[in-house]
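run-v3.cif (mmCIF, C-alpha atoms) appears below.
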```
data_protein
#
loop_
_atom_site.group_PDB
_atom_site.id
_atom_site.type_symbol
_atom_site.label_atom_id
_atom_site.label_comp_id
_atom_site.auth_asym_id
_atom_site.auth_seq_id
_atom_site.Cartn_x
_atom_site.Cartn_y
_atom_site.Cartn_z
ATOM 1 C CA MET A 164 -18.367 -18.605 -7.715
ATOM 2 C CA LYS A 165 -14.875 -17.227 -8.362
ATOM 3 C CA CYS A 166 -12.015 -16.427 -5.995
ATOM 4 C CA GLY A 167 -8.315 -15.754 -6.364
ATOM 5 C CA TYR A 168 -5.236 -13.741 -5.526
ATOM 6 C CA VAL A 169 -4.108 -10.697 -7.496
ATOM 7 C CA SER A 170 -0.632 -9.259 -6.990
ATOM 8 C CA VAL A 171 -0.652 -5.487 -7.469
ATOM 9 C CA PHE A 172 2.838 -4.798 -8.762
ATOM 10 C CA GLY A 173 4.715 -1.730 -9.957
ATOM 11 C CA ARG A 174 7.019 1.142 -9.181
ATOM 12 C CA ALA A 175 6.727 3.115 -5.986
ATOM 13 C CA ASN A 176 4.100 5.850 -6.273
ATOM 14 C CA ALA A 177 2.465 4.373 -9.398
ATOM 15 C CA GLY A 178 -0.912 4.399 -7.671
ATOM 16 C CA LYS A 179 -1.217 0.762 -6.556
ATOM 17 C CA SER A 180 -2.940 1.439 -3.237
ATOM 18 C CA SER A 181 -5.201 4.043 -4.863
ATOM 19 C CA ILE A 182 -6.330 1.489 -7.457
ATOM 20 C CA ILE A 183 -7.170 -1.033 -4.730
ATOM 21 C CA ASN A 184 -9.035 1.559 -2.670
ATOM 22 C CA ARG A 185 -11.099 2.469 -5.736
ATOM 23 C CA CYS A 186 -11.906 -1.184 -6.389
ATOM 24 C CA LEU A 187 -13.003 -1.635 -2.768
ATOM 25 C CA GLY A 188 -15.076 1.527 -2.927
ATOM 26 C CA PHE A 189 -13.516 3.043 0.188
ATOM 27 C CA LYS A 190 -10.109 3.868 1.591
ATOM 28 C CA LEU A 191 -8.433 0.927 3.294
ATOM 29 C CA LEU A 192 -4.793 1.285 2.264
ATOM 30 C CA PRO A 193 -2.468 4.236 2.934
ATOM 31 C CA VAL A 194 -1.997 6.630 0.034
ATOM 32 C CA SER A 195 0.632 9.357 -0.215
ATOM 33 C CA SER A 196 2.604 11.171 -2.903
ATOM 34 C CA LYS A 197 5.786 9.825 -1.295
ATOM 35 C CA PRO A 198 7.197 6.380 -2.207
ATOM 36 C CA GLN A 199 7.304 3.475 0.280
ATOM 37 C CA THR A 200 3.860 4.303 1.651
ATOM 38 C CA THR A 201 3.180 0.559 1.628
ATOM 39 C CA ARG A 202 5.734 -1.454 3.617
ATOM 40 C CA ASP A 203 4.125 -4.902 3.584
ATOM 41 C CA ASN A 204 2.320 -7.278 1.278
ATOM 42 C CA VAL A 205 -1.168 -6.283 2.450
ATOM 43 C CA ARG A 206 -4.245 -8.276 1.547
ATOM 44 C CA ALA A 207 -7.314 -6.223 0.723
ATOM 45 C CA ILE A 208 -10.468 -8.189 -0.033
ATOM 46 C CA TYR A 209 -13.165 -7.256 -2.559
ATOM 47 C CA THR A 210 -16.324 -9.390 -2.430
ATOM 48 C CA SER A 211 -19.418 -9.300 -4.636
ATOM 49 C CA ASP A 212 -22.248 -11.828 -4.844
ATOM 50 C CA ASP A 213 -20.218 -14.303 -6.890
ATOM 51 C CA THR A 214 -16.603 -13.092 -6.819
ATOM 52 C CA GLN A 215 -13.918 -12.590 -4.189
ATOM 53 C CA ILE A 216 -10.728 -10.793 -5.253
ATOM 54 C CA ILE A 217 -7.878 -10.892 -2.767
ATOM 55 C CA PHE A 218 -5.571 -8.027 -3.674
ATOM 56 C CA VAL A 219 -1.986 -8.315 -2.466
ATOM 57 C CA ASP A 220 -0.742 -4.721 -2.284
ATOM 58 C CA THR A 221 3.043 -4.734 -2.344
ATOM 59 C CA PRO A 222 5.795 -2.288 -1.481
ATOM 60 C CA GLY A 223 6.591 -0.396 -4.656
ATOM 61 C CA VAL A 224 9.692 -1.455 -6.555
ATOM 62 C CA PHE A 225 12.454 1.087 -5.966
ATOM 63 C CA LYS A 226 16.205 1.324 -5.490
ATOM 64 C CA PRO A 227 16.675 -0.028 -1.966
ATOM 65 C CA HIS A 228 18.491 1.896 0.766
ATOM 66 C CA GLY A 229 19.712 -0.119 3.739
ATOM 67 C CA LYS A 230 18.392 -3.367 5.171
ATOM 68 C CA LEU A 231 14.750 -2.274 5.405
ATOM 69 C CA GLY A 232 14.754 -1.178 1.764
ATOM 70 C CA SER A 233 16.188 -4.527 0.673
ATOM 71 C CA ILE A 234 13.514 -6.399 2.640
ATOM 72 C CA LEU A 235 10.736 -4.329 1.048
ATOM 73 C CA LEU A 236 12.127 -4.955 -2.438
ATOM 74 C CA ARG A 237 12.323 -8.690 -1.773
ATOM 75 C CA ASP A 238 8.725 -8.724 -0.543
ATOM 76 C CA ALA A 239 7.567 -6.929 -3.697
ATOM 77 C CA TYR A 240 9.034 -9.641 -5.929
ATOM 78 C CA ASN A 241 7.897 -12.461 -3.633
ATOM 79 C CA SER A 242 4.321 -11.266 -4.040
ATOM 80 C CA LEU A 243 4.338 -12.710 -7.573
ATOM 81 C CA GLU A 244 4.531 -16.256 -6.219
ATOM 82 C CA GLY A 245 1.390 -18.348 -5.860
ATOM 83 C CA ILE A 246 -1.064 -15.849 -7.325
ATOM 84 C CA ASP A 247 -3.705 -16.066 -10.051
ATOM 85 C CA CYS A 248 -3.210 -12.727 -11.782
ATOM 86 C CA ILE A 249 -0.758 -9.828 -11.878
ATOM 87 C CA LEU A 250 -2.102 -6.278 -11.935
ATOM 88 C CA PHE A 251 0.875 -4.257 -13.185
ATOM 89 C CA VAL A 252 0.288 -0.585 -12.364
ATOM 90 C CA ILE A 253 2.194 1.958 -14.476
ATOM 91 C CA ASP A 254 2.359 5.703 -13.849
ATOM 92 C CA ALA A 255 1.472 7.074 -17.284
ATOM 93 C CA ALA A 256 2.606 10.539 -16.230
ATOM 94 C CA SER A 257 6.194 9.386 -15.624
ATOM 95 C CA LYS A 258 8.773 8.800 -18.327
ATOM 96 C CA VAL A 259 8.812 5.331 -19.843
ATOM 97 C CA ASP A 260 10.668 2.767 -17.706
ATOM 98 C CA LEU A 261 10.709 -0.701 -19.256
ATOM 99 C CA GLU A 262 12.775 -2.519 -16.614
ATOM 100 C CA LEU A 263 9.801 -4.100 -14.828
ATOM 101 C CA ALA A 264 7.930 -4.713 -18.075
ATOM 102 C CA ASN A 265 10.921 -6.640 -19.400
ATOM 103 C CA LYS A 266 10.994 -8.761 -16.237
ATOM 104 C CA LEU A 267 7.274 -9.536 -16.505
ATOM 105 C CA ASN A 268 7.682 -10.393 -20.187
ATOM 106 C CA ASN A 269 9.390 -13.600 -19.035
ATOM 107 C CA ILE A 270 6.261 -14.722 -17.138
ATOM 108 C CA LYS A 271 4.214 -17.059 -19.326
ATOM 109 C CA ASP A 272 1.864 -18.871 -16.931
ATOM 110 C CA ILE A 273 0.221 -15.995 -15.021
ATOM 111 C CA PRO A 274 -2.272 -13.639 -16.719
ATOM 112 C CA ILE A 275 -1.183 -9.994 -16.632
ATOM 113 C CA ILE A 276 -3.424 -6.944 -16.579
ATOM 114 C CA VAL A 277 -1.601 -3.678 -17.175
ATOM 115 C CA CYS A 278 -3.210 -0.702 -15.475
ATOM 116 C CA PHE A 279 -1.954 2.373 -17.345
ATOM 117 C CA ASN A 280 -2.788 4.800 -14.554
ATOM 118 C CA LYS A 281 -2.921 8.605 -14.159
ATOM 119 C CA ILE A 282 -3.909 9.247 -17.788
ATOM 120 C CA ASP A 283 -5.670 12.397 -16.595
ATOM 121 C CA LEU A 284 -2.231 13.967 -16.046
ATOM 122 C CA ILE A 285 -0.934 13.713 -19.633
ATOM 123 C CA SER A 286 -1.983 14.602 -23.169
ATOM 124 C CA LEU A 287 -3.629 11.999 -25.412
ATOM 125 C CA ASN A 288 -0.666 11.851 -27.824
ATOM 126 C CA THR A 289 1.908 11.462 -25.053
ATOM 127 C CA GLY A 290 -0.178 8.762 -23.419
ATOM 128 C CA LEU A 291 -0.577 6.754 -26.600
ATOM 129 C CA GLU A 292 3.136 7.011 -27.384
ATOM 130 C CA ARG A 293 4.104 5.716 -23.948
ATOM 131 C CA LEU A 294 1.410 3.050 -23.969
ATOM 132 C CA THR A 295 2.692 1.697 -27.278
ATOM 133 C CA GLN A 296 6.176 1.259 -25.836
ATOM 134 C CA TYR A 297 4.828 -0.796 -22.923
ATOM 135 C CA GLN A 298 2.697 -2.894 -25.262
ATOM 136 C CA LYS A 299 5.774 -3.761 -27.316
ATOM 137 C CA ALA A 300 7.796 -4.580 -24.193
ATOM 138 C CA LEU A 301 5.084 -7.002 -23.016
ATOM 139 C CA SER A 302 4.262 -8.423 -26.445
ATOM 140 C CA ASP A 303 5.091 -12.001 -25.396
ATOM 141 C CA THR A 304 2.625 -12.070 -22.493
ATOM 142 C CA ASN A 305 -0.759 -11.379 -24.124
ATOM 143 C CA ALA A 306 -1.273 -8.824 -21.383
ATOM 144 C CA THR A 307 -4.530 -6.875 -21.244
ATOM 145 C CA PHE A 308 -4.022 -3.091 -21.140
ATOM 146 C CA ILE A 309 -6.531 -0.852 -19.363
ATOM 147 C CA GLN A 310 -6.160 2.917 -19.217
ATOM 148 C CA THR A 311 -7.263 4.299 -15.862
ATOM 149 C CA SER A 312 -7.580 7.414 -13.757
ATOM 150 C CA CYS A 313 -8.079 6.946 -10.026
ATOM 151 C CA LYS A 314 -8.873 10.615 -9.642
ATOM 152 C CA ASP A 315 -11.829 10.309 -12.029
ATOM 153 C CA ASN A 316 -12.693 6.702 -11.106
ATOM 154 C CA PHE A 317 -12.232 5.902 -14.799
ATOM 155 C CA ASN A 318 -12.246 2.235 -15.870
ATOM 156 C CA ILE A 319 -12.141 0.866 -12.307
ATOM 157 C CA ASP A 320 -15.148 -1.347 -13.098
ATOM 158 C CA THR A 321 -13.285 -2.591 -16.175
ATOM 159 C CA ILE A 322 -10.402 -3.750 -13.964
ATOM 160 C CA ILE A 323 -12.776 -5.653 -11.662
ATOM 161 C CA ASN A 324 -14.592 -7.251 -14.597
ATOM 162 C CA LYS A 325 -11.355 -8.376 -16.256
ATOM 163 C CA ILE A 326 -9.970 -9.838 -13.024
ATOM 164 C CA THR A 327 -13.257 -11.671 -12.458
ATOM 165 C CA GLU A 328 -13.015 -13.128 -15.957
ATOM 166 C CA ILE A 329 -9.520 -14.459 -15.218
ATOM 167 C CA LEU A 330 -10.005 -15.889 -11.717
ATOM 168 C CA PRO A 331 -10.653 -19.613 -11.277
ATOM 169 C CA GLU A 332 -13.886 -21.190 -10.059
ATOM 170 C CA ARG A 333 -13.288 -21.543 -6.329
ATOM 171 C CA ASP A 334 -15.089 -21.087 -3.020
ATOM 172 C CA PHE A 335 -14.485 -17.831 -1.130
ATOM 173 C CA GLU A 336 -11.478 -17.944 1.188
ATOM 174 C CA PHE A 337 -12.777 -15.235 3.544
ATOM 175 C CA PRO A 338 -16.204 -14.360 4.946
ATOM 176 C CA ASP A 339 -17.990 -11.824 2.745
ATOM 177 C CA TYR A 340 -17.731 -9.114 5.432
ATOM 178 C CA TYR A 341 -13.901 -9.192 5.493
ATOM 179 C CA VAL A 342 -12.088 -6.306 3.809
ATOM 180 C CA SER A 343 -8.575 -7.248 4.983
ATOM 181 C CA ASP A 344 -6.800 -10.107 6.695
ATOM 182 C CA ARG A 345 -4.721 -7.632 8.675
ATOM 183 C CA PRO A 346 -5.462 -7.111 12.404
ATOM 184 C CA LYS A 347 -6.926 -3.921 13.800
ATOM 185 C CA GLU A 348 -3.559 -2.843 15.188
ATOM 186 C CA TYR A 349 -1.971 -2.928 11.748
ATOM 187 C CA ILE A 350 -4.763 -0.947 10.087
ATOM 188 C CA ILE A 351 -4.649 1.747 12.763
ATOM 189 C CA ALA A 352 -0.846 1.965 12.606
ATOM 190 C CA GLU A 353 -0.987 2.422 8.829
ATOM 191 C CA MET A 354 -3.595 5.177 9.172
ATOM 192 C CA ILE A 355 -1.309 7.061 11.554
ATOM 193 C CA ARG A 356 1.787 6.485 9.399
ATOM 194 C CA GLU A 357 -0.037 7.775 6.335
ATOM 195 C CA LYS A 358 -0.798 11.050 8.129
ATOM 196 C CA CYS A 359 2.893 11.330 8.964
ATOM 197 C CA MET A 360 3.765 10.725 5.301
ATOM 198 C CA ARG A 361 1.383 13.435 4.179
ATOM 199 C CA LEU A 362 2.245 16.073 6.763
ATOM 200 C CA LEU A 363 5.995 15.754 7.266
ATOM 201 C CA LYS A 364 8.948 16.838 5.183
ATOM 202 C CA ASP A 365 10.512 14.429 2.688
ATOM 203 C CA GLU A 366 13.468 13.463 4.849
ATOM 204 C CA VAL A 367 11.418 12.201 7.806
ATOM 205 C CA PRO A 368 8.630 9.776 6.729
ATOM 206 C CA HIS A 369 10.785 6.870 5.553
ATOM 207 C CA SER A 370 12.377 6.555 8.998
ATOM 208 C CA ILE A 371 9.002 6.382 10.757
ATOM 209 C CA TYR A 372 7.484 3.305 12.305
ATOM 210 C CA VAL A 373 4.225 3.359 14.275
ATOM 211 C CA ASP A 374 4.258 0.906 17.171
ATOM 212 C CA ILE A 375 0.794 0.258 18.618
ATOM 213 C CA LYS A 376 1.201 -0.368 22.345
ATOM 214 C CA ALA A 377 -2.436 -0.891 23.361
ATOM 215 C CA ILE A 378 -6.011 -0.527 22.147
ATOM 216 C CA GLU A 379 -8.944 -0.194 24.509
ATOM 217 C CA GLU A 380 -12.502 -0.031 23.223
ATOM 218 C CA ASP A 381 -16.144 -0.352 24.142
ATOM 219 C CA ASP A 382 -19.382 0.114 22.195
ATOM 220 C CA LYS A 383 -18.821 3.846 21.696
ATOM 221 C CA ASN A 384 -15.127 4.618 22.124
ATOM 222 C CA ILE A 385 -11.705 3.418 21.059
ATOM 223 C CA ASP A 386 -8.524 4.530 22.825
ATOM 224 C CA VAL A 387 -5.235 3.952 21.011
ATOM 225 C CA TYR A 388 -1.803 4.203 22.630
ATOM 226 C CA CYS A 389 1.177 4.227 20.281
ATOM 227 C CA ASP A 390 4.788 5.257 19.783
ATOM 228 C CA ILE A 391 6.010 6.980 16.637
ATOM 229 C CA ILE A 392 9.571 5.787 16.084
ATOM 230 C CA VAL A 393 12.170 7.975 14.319
ATOM 231 C CA GLU A 394 15.925 7.587 13.801
ATOM 232 C CA LYS A 395 17.267 11.016 14.767
ATOM 233 C CA GLU A 396 16.615 13.508 17.541
ATOM 234 C CA SER A 397 16.237 16.196 14.876
ATOM 235 C CA GLU A 398 13.426 14.120 13.303
ATOM 236 C CA ARG A 399 11.782 13.831 16.680
ATOM 237 C CA GLY A 400 11.660 17.625 16.850
ATOM 238 C CA ILE A 401 10.169 17.847 13.354
ATOM 239 C CA VAL A 402 7.426 15.346 14.217
ATOM 240 C CA ILE A 403 6.539 17.294 17.341
ATOM 241 C CA GLY A 404 6.725 20.635 15.530
ATOM 242 C CA LYS A 405 6.792 24.166 16.831
ATOM 243 C CA ASN A 406 4.783 24.328 20.044
ATOM 244 C CA GLY A 407 3.622 20.774 19.332
ATOM 245 C CA LYS A 408 1.573 21.792 16.287
ATOM 246 C CA MET A 409 2.733 19.024 13.927
ATOM 247 C CA LEU A 410 2.051 16.296 16.479
ATOM 248 C CA LYS A 411 -1.362 17.844 17.155
ATOM 249 C CA ASP A 412 -2.175 17.763 13.434
ATOM 250 C CA ILE A 413 -1.031 14.137 13.114
ATOM 251 C CA ARG A 414 -3.208 13.200 16.088
ATOM 252 C CA THR A 415 -6.247 15.145 14.847
ATOM 253 C CA PHE A 416 -6.232 13.766 11.297
ATOM 254 C CA SER A 417 -5.467 10.240 12.508
ATOM 255 C CA GLN A 418 -8.318 10.334 15.009
ATOM 256 C CA LYS A 419 -10.728 11.391 12.257
ATOM 257 C CA SER A 420 -9.651 8.504 10.012
ATOM 258 C CA ILE A 421 -9.859 5.928 12.805
ATOM 259 C CA SER A 422 -13.275 7.213 13.905
ATOM 260 C CA SER A 423 -14.579 7.118 10.345
ATOM 261 C CA TYR A 424 -13.295 3.606 9.718
ATOM 262 C CA PHE A 425 -14.460 1.980 12.953
ATOM 263 C CA GLY A 426 -17.480 4.171 13.704
ATOM 264 C CA LEU A 427 -16.225 4.916 17.204
ATOM 265 C CA LYS A 428 -15.182 8.088 19.005
ATOM 266 C CA THR A 429 -11.386 7.964 19.047
ATOM 267 C CA HIS A 430 -8.751 9.120 21.498
ATOM 268 C CA LEU A 431 -5.168 8.792 20.324
ATOM 269 C CA ASP A 432 -2.228 8.975 22.722
ATOM 270 C CA ILE A 433 1.143 9.357 20.933
ATOM 271 C CA LEU A 434 4.717 9.324 22.205
ATOM 272 C CA ILE A 435 7.662 10.156 19.932
ATOM 273 C CA LYS A 436 10.710 7.945 20.443
ATOM 274 C CA CYS A 437 14.122 8.024 18.808
ATOM 275 C CA ILE A 438 15.865 4.734 17.972
ATOM 276 C CA PRO A 439 19.041 5.579 16.034
ATOM 277 C CA ASN A 440 19.390 3.809 12.675
ATOM 278 C CA TRP A 441 16.622 1.290 13.441
ATOM 279 C CA ARG A 442 16.119 0.512 9.727
ATOM 280 C CA ASN A 443 19.574 -1.115 9.632
ATOM 281 C CA ASP A 444 19.423 -2.735 13.075
ATOM 282 C CA ASP A 445 18.547 -6.463 12.963
ATOM 283 C CA LYS A 446 17.177 -6.319 16.508
ATOM 284 C CA TYR A 447 14.569 -3.692 15.686
ATOM 285 C CA LEU A 448 13.824 -4.973 12.184
ATOM 286 C CA LYS A 449 12.911 -8.288 13.809
ATOM 287 C CA LYS A 450 10.954 -6.610 16.609
ATOM 288 C CA PHE A 451 8.908 -4.572 14.117
ATOM 289 C CA GLY A 452 8.306 -7.597 11.883
ATOM 290 C CA PHE A 453 10.745 -6.799 9.064
ATOM 291 C CA GLU A 454 12.936 -9.873 8.801
ATOM 292 C CA ASP A 455 13.762 -12.739 6.487
ATOM 293 C CA GLY A 456 10.495 -14.380 7.471
ATOM 294 C CA ASN A 457 7.174 -12.707 6.631
ATOM 295 C CA LYS A 458 5.486 -10.186 8.818
#
```

Same coordinates, now as structure tokens:
Amino acid sequence: MKCGYVSVFGRANAGKSSIINRCLGFKLLPVSSKPQTTRDNVRAIYTSDDTQIIFVDTPGVFKPHGKLGSILLRDAYNSLEGIDCILFVIDAASKVDLELANKLNNIKDIPIIVCFNKIDLISLNTGLERLTQYQKALSDTNATFIQTSCKDNFNIDTIINKITEILPERDFEFPDYYVSDRPKEYIIAEMIREKCMRLLKDEVPHSIYVDIKAIEEDDKNIDVYCDIIVEKESERGIVIGKNGKMLKDIRTFSQKSISSYFGLKTHLDILIKCIPNWRNDDKYLKKFGFEDGNK
């Protein structure tokens, strides 16, 4: 029996959450084309008959803006502590960026698997040229390189098999029916925030926080009451949309995701609240769980 922790590390929008969702076989983590979709070190749990892989999905590494950005960047690097394997996800379709590879090249005691992702978006020659540069940058680590495409589900099994090979012999840390150690409130909030990321303009999503106020459920229904927090009154208007259409779309798509995940008929009640500059306000960063401790 094998069990261990795998830090999924890389630039924002490299496809880290998509890789984990593919490994799990269903969508647990929020995925969007916009960076900072993931704001916490989230544990997603893959379990087979003899292996349990605890994926730690991290905020993507990016140039931080403000206090919240600095906290997310710190959490991304902290995720490398106390783990059994690093899954370094690279966006093959983006120009070569060796900064993170050079940092990982100094790690000697943790096995590294490099997931060269999105190969379906580039030509073979371009891909091989970029791959060679990363291989040279990580030449001191004996890293294993795996070319992948989440879109085509290509080489996902290879990732799981390689991680399983690396993990130590150890009893499972979670029951085999667990898929995450996060509470229901967190999962629902992330589902709603993902819909905001997908539907709203670029300038709005990064200021959004979804605050779950209450959840009521029985055998057939789940009622969710939440606030969507923004920083500007103008953003509040964008989230609501003309004649309330944007808010209606956010509610509709979120309800479908929640219903599908929990198998319950869902009613979602949303209020839009403006808290100016909350991402740089220690009071609200602490209230929403973003502080020098861990969430």

Name every residue that the PyMOL selection byres ((chain A and resi 164-169) around 6) selects in this structure, writing the answer as a compact mmCIF listing (two decimals) with C-alpha atoms, in the frame of the given file with chains first and numbers rising.
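As a result, expr-v1.txt now contains:
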```txt
# COMPACT_ATOMS: atom_id res chain seq x y z
CA SER A 170 -0.63 -9.26 -6.99
CA ASP A 213 -20.22 -14.30 -6.89
CA THR A 214 -16.60 -13.09 -6.82
CA GLN A 215 -13.92 -12.59 -4.19
CA ILE A 216 -10.73 -10.79 -5.25
CA ILE A 217 -7.88 -10.89 -2.77
CA PHE A 218 -5.57 -8.03 -3.67
CA VAL A 219 -1.99 -8.32 -2.47
CA ILE A 246 -1.06 -15.85 -7.32
CA ASP A 247 -3.70 -16.07 -10.05
CA CYS A 248 -3.21 -12.73 -11.78
CA ILE A 249 -0.76 -9.83 -11.88
CA LEU A 330 -10.01 -15.89 -11.72
CA PRO A 331 -10.65 -19.61 -11.28
CA GLU A 332 -13.89 -21.19 -10.06
CA ARG A 333 -13.29 -21.54 -6.33
CA PHE A 335 -14.48 -17.83 -1.13
```

Return as a Markdown table the residues of region 304-417 of chain A lying at most 10 Å from region 254-259 of chain A, together with the closest atom-to-atom pair for each and the distance in Å to one decimal, counting all atoms listed in the file, with rows in chain order and ascending residue number.
```
| residue | atom | partner | partner_atom | distance |
| --- | --- | --- | --- | --- |
| A:Gln310 | CA | A:Ala255 | CA | 8.9 |
| A:Thr311 | CA | A:Ala255 | CA | 9.3 |
| A:Ser312 | CA | A:Ala255 | CA | 9.7 |
```

Selection export as a PDB file, in the coordinates of the input, atoms kept: C-alpha atoms:
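selection01.pdb, written as the output of this step:
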```
ATOM      1  CA  GLN A 310      -6.160   2.917 -19.217  1.00  0.00           C
ATOM      2  CA  THR A 311      -7.263   4.299 -15.862  1.00  0.00           C
ATOM      3  CA  SER A 312      -7.580   7.414 -13.757  1.00  0.00           C
TER       4      SER A 312
END
```

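You will find CA of Ala177 (chain A) at 28.4 Å from CA of Lys449 (chain A).
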
Residues picked by the PyMOL selection byres ((chain A and resi 352) around 10) here, as a PDB file with C-alpha atoms, in the frame of the given file?
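Saved to out-v6.pdb:
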```pdb
ATOM      1  CA  LYS A 347      -6.926  -3.921  13.800  1.00  0.00           C
ATOM      2  CA  GLU A 348      -3.559  -2.843  15.188  1.00  0.00           C
ATOM      3  CA  TYR A 349      -1.971  -2.928  11.748  1.00  0.00           C
ATOM      4  CA  ILE A 350      -4.763  -0.947  10.087  1.00  0.00           C
ATOM      5  CA  ILE A 351      -4.649   1.747  12.763  1.00  0.00           C
ATOM      6  CA  GLU A 353      -0.987   2.422   8.829  1.00  0.00           C
ATOM      7  CA  MET A 354      -3.595   5.177   9.172  1.00  0.00           C
ATOM      8  CA  ILE A 355      -1.309   7.061  11.554  1.00  0.00           C
ATOM      9  CA  ARG A 356       1.787   6.485   9.399  1.00  0.00           C
ATOM     10  CA  GLU A 357      -0.037   7.775   6.335  1.00  0.00           C
ATOM     11  CA  TYR A 372       7.484   3.305  12.305  1.00  0.00           C
ATOM     12  CA  VAL A 373       4.225   3.359  14.275  1.00  0.00           C
ATOM     13  CA  ASP A 374       4.258   0.906  17.171  1.00  0.00           C
ATOM     14  CA  ILE A 375       0.794   0.258  18.618  1.00  0.00           C
ATOM     15  CA  VAL A 387      -5.235   3.952  21.011  1.00  0.00           C
ATOM     16  CA  CYS A 389       1.177   4.227  20.281  1.00  0.00           C
ATOM     17  CA  ASP A 390       4.788   5.257  19.783  1.00  0.00           C
ATOM     18  CA  ILE A 391       6.010   6.980  16.637  1.00  0.00           C
ATOM     19  CA  SER A 417      -5.467  10.240  12.508  1.00  0.00           C
ATOM     20  CA  ILE A 421      -9.859   5.928  12.805  1.00  0.00           C
TER      21      ILE A 421
END
```

Box dimensions and centre (Å, one decimal) enclosing region 312-316 of chain A, axis-aligned, 6 Å extra per side, as JSON:
```
{"center_x": -10.1, "center_y": 8.7, "center_z": -11.7, "size_x": 17.1, "size_y": 15.9, "size_z": 16.1}
```

Task: Selection: 8 Å around region 432-444 of chain A, only C-alpha atoms, excl. self and same-chain fewer than 5 positions, as a PyMOL selection string - done: chain A and resi 229-231+370+386-396+399+402-403+414

Task: Who sits within 9 Å of region 260-273 of chain A, only C-alpha atoms, same chain under 4 positions skipped, as a list of chain:residue names - done: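 Listing them by chain and then by number gives A:Gly173, A:Arg174, A:Val224, A:Ile246, A:Asp247, A:Cys248, A:Ile249, A:Phe251, A:Gln296, A:Tyr297, A:Ala300, A:Leu301, A:Ser302, A:Asp303, A:Thr304, A:Asn305.
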
Open item on the list: Please compute the CA of Ile378 (chain A)-CA of Lys419 (chain A) distance, one decimal, in Å.
Closed with: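 Result for CA of Ile378 (chain A) versus CA of Lys419 (chain A): 16.2 Å, one decimal.
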
Any chance you could tabulate, as a tab-separated table, the residues of region 304-368 of chain A at most 10 Å from region 276-289 of chain A with each one's nearest atom pair and distance in Å to one decimal, using all atoms listed in the file, in chain and rising number order?
```
residue	atom	partner	partner_atom	distance
A:Thr304	CA	A:Ile276	CA	9.9
A:Asn305	CA	A:Ile276	CA	9.1
A:Ala306	CA	A:Ile276	CA	5.6
A:Thr307	CA	A:Ile276	CA	4.8
A:Phe308	CA	A:Val277	CA	4.7
A:Ile309	CA	A:Cys278	CA	5.1
A:Gln310	CA	A:Phe279	CA	4.6
A:Thr311	CA	A:Asn280	CA	4.7
A:Ser312	CA	A:Lys281	CA	4.8
A:Cys313	CA	A:Lys281	CA	6.8
A:Lys314	CA	A:Lys281	CA	7.7
A:Asp315	CA	A:Asp283	CA	7.9
A:Phe317	CA	A:Asp283	CA	9.4
A:Asn318	CA	A:Cys278	CA	9.5
A:Ile319	CA	A:Cys278	CA	9.6
A:Ile322	CA	A:Cys278	CA	8.0
A:Lys325	CA	A:Ile276	CA	8.1
A:Ile326	CA	A:Ile276	CA	8.0
A:Ile329	CA	A:Ile276	CA	9.8
```

TODO: Can you work out the spacing between CA of Asp220 (chain A) and CA of Lys179 (chain A) in Å, to one decimal?
DONE: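 Those two atoms sit 7.0 Å apart.
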
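For the residues A:Asn176, A:Thr321, A:Asn316, A:Ser343, ranking by smallest atom-to-atom distance to Val252 (chain A) using all atoms listed in the file places A:Asn176 first.
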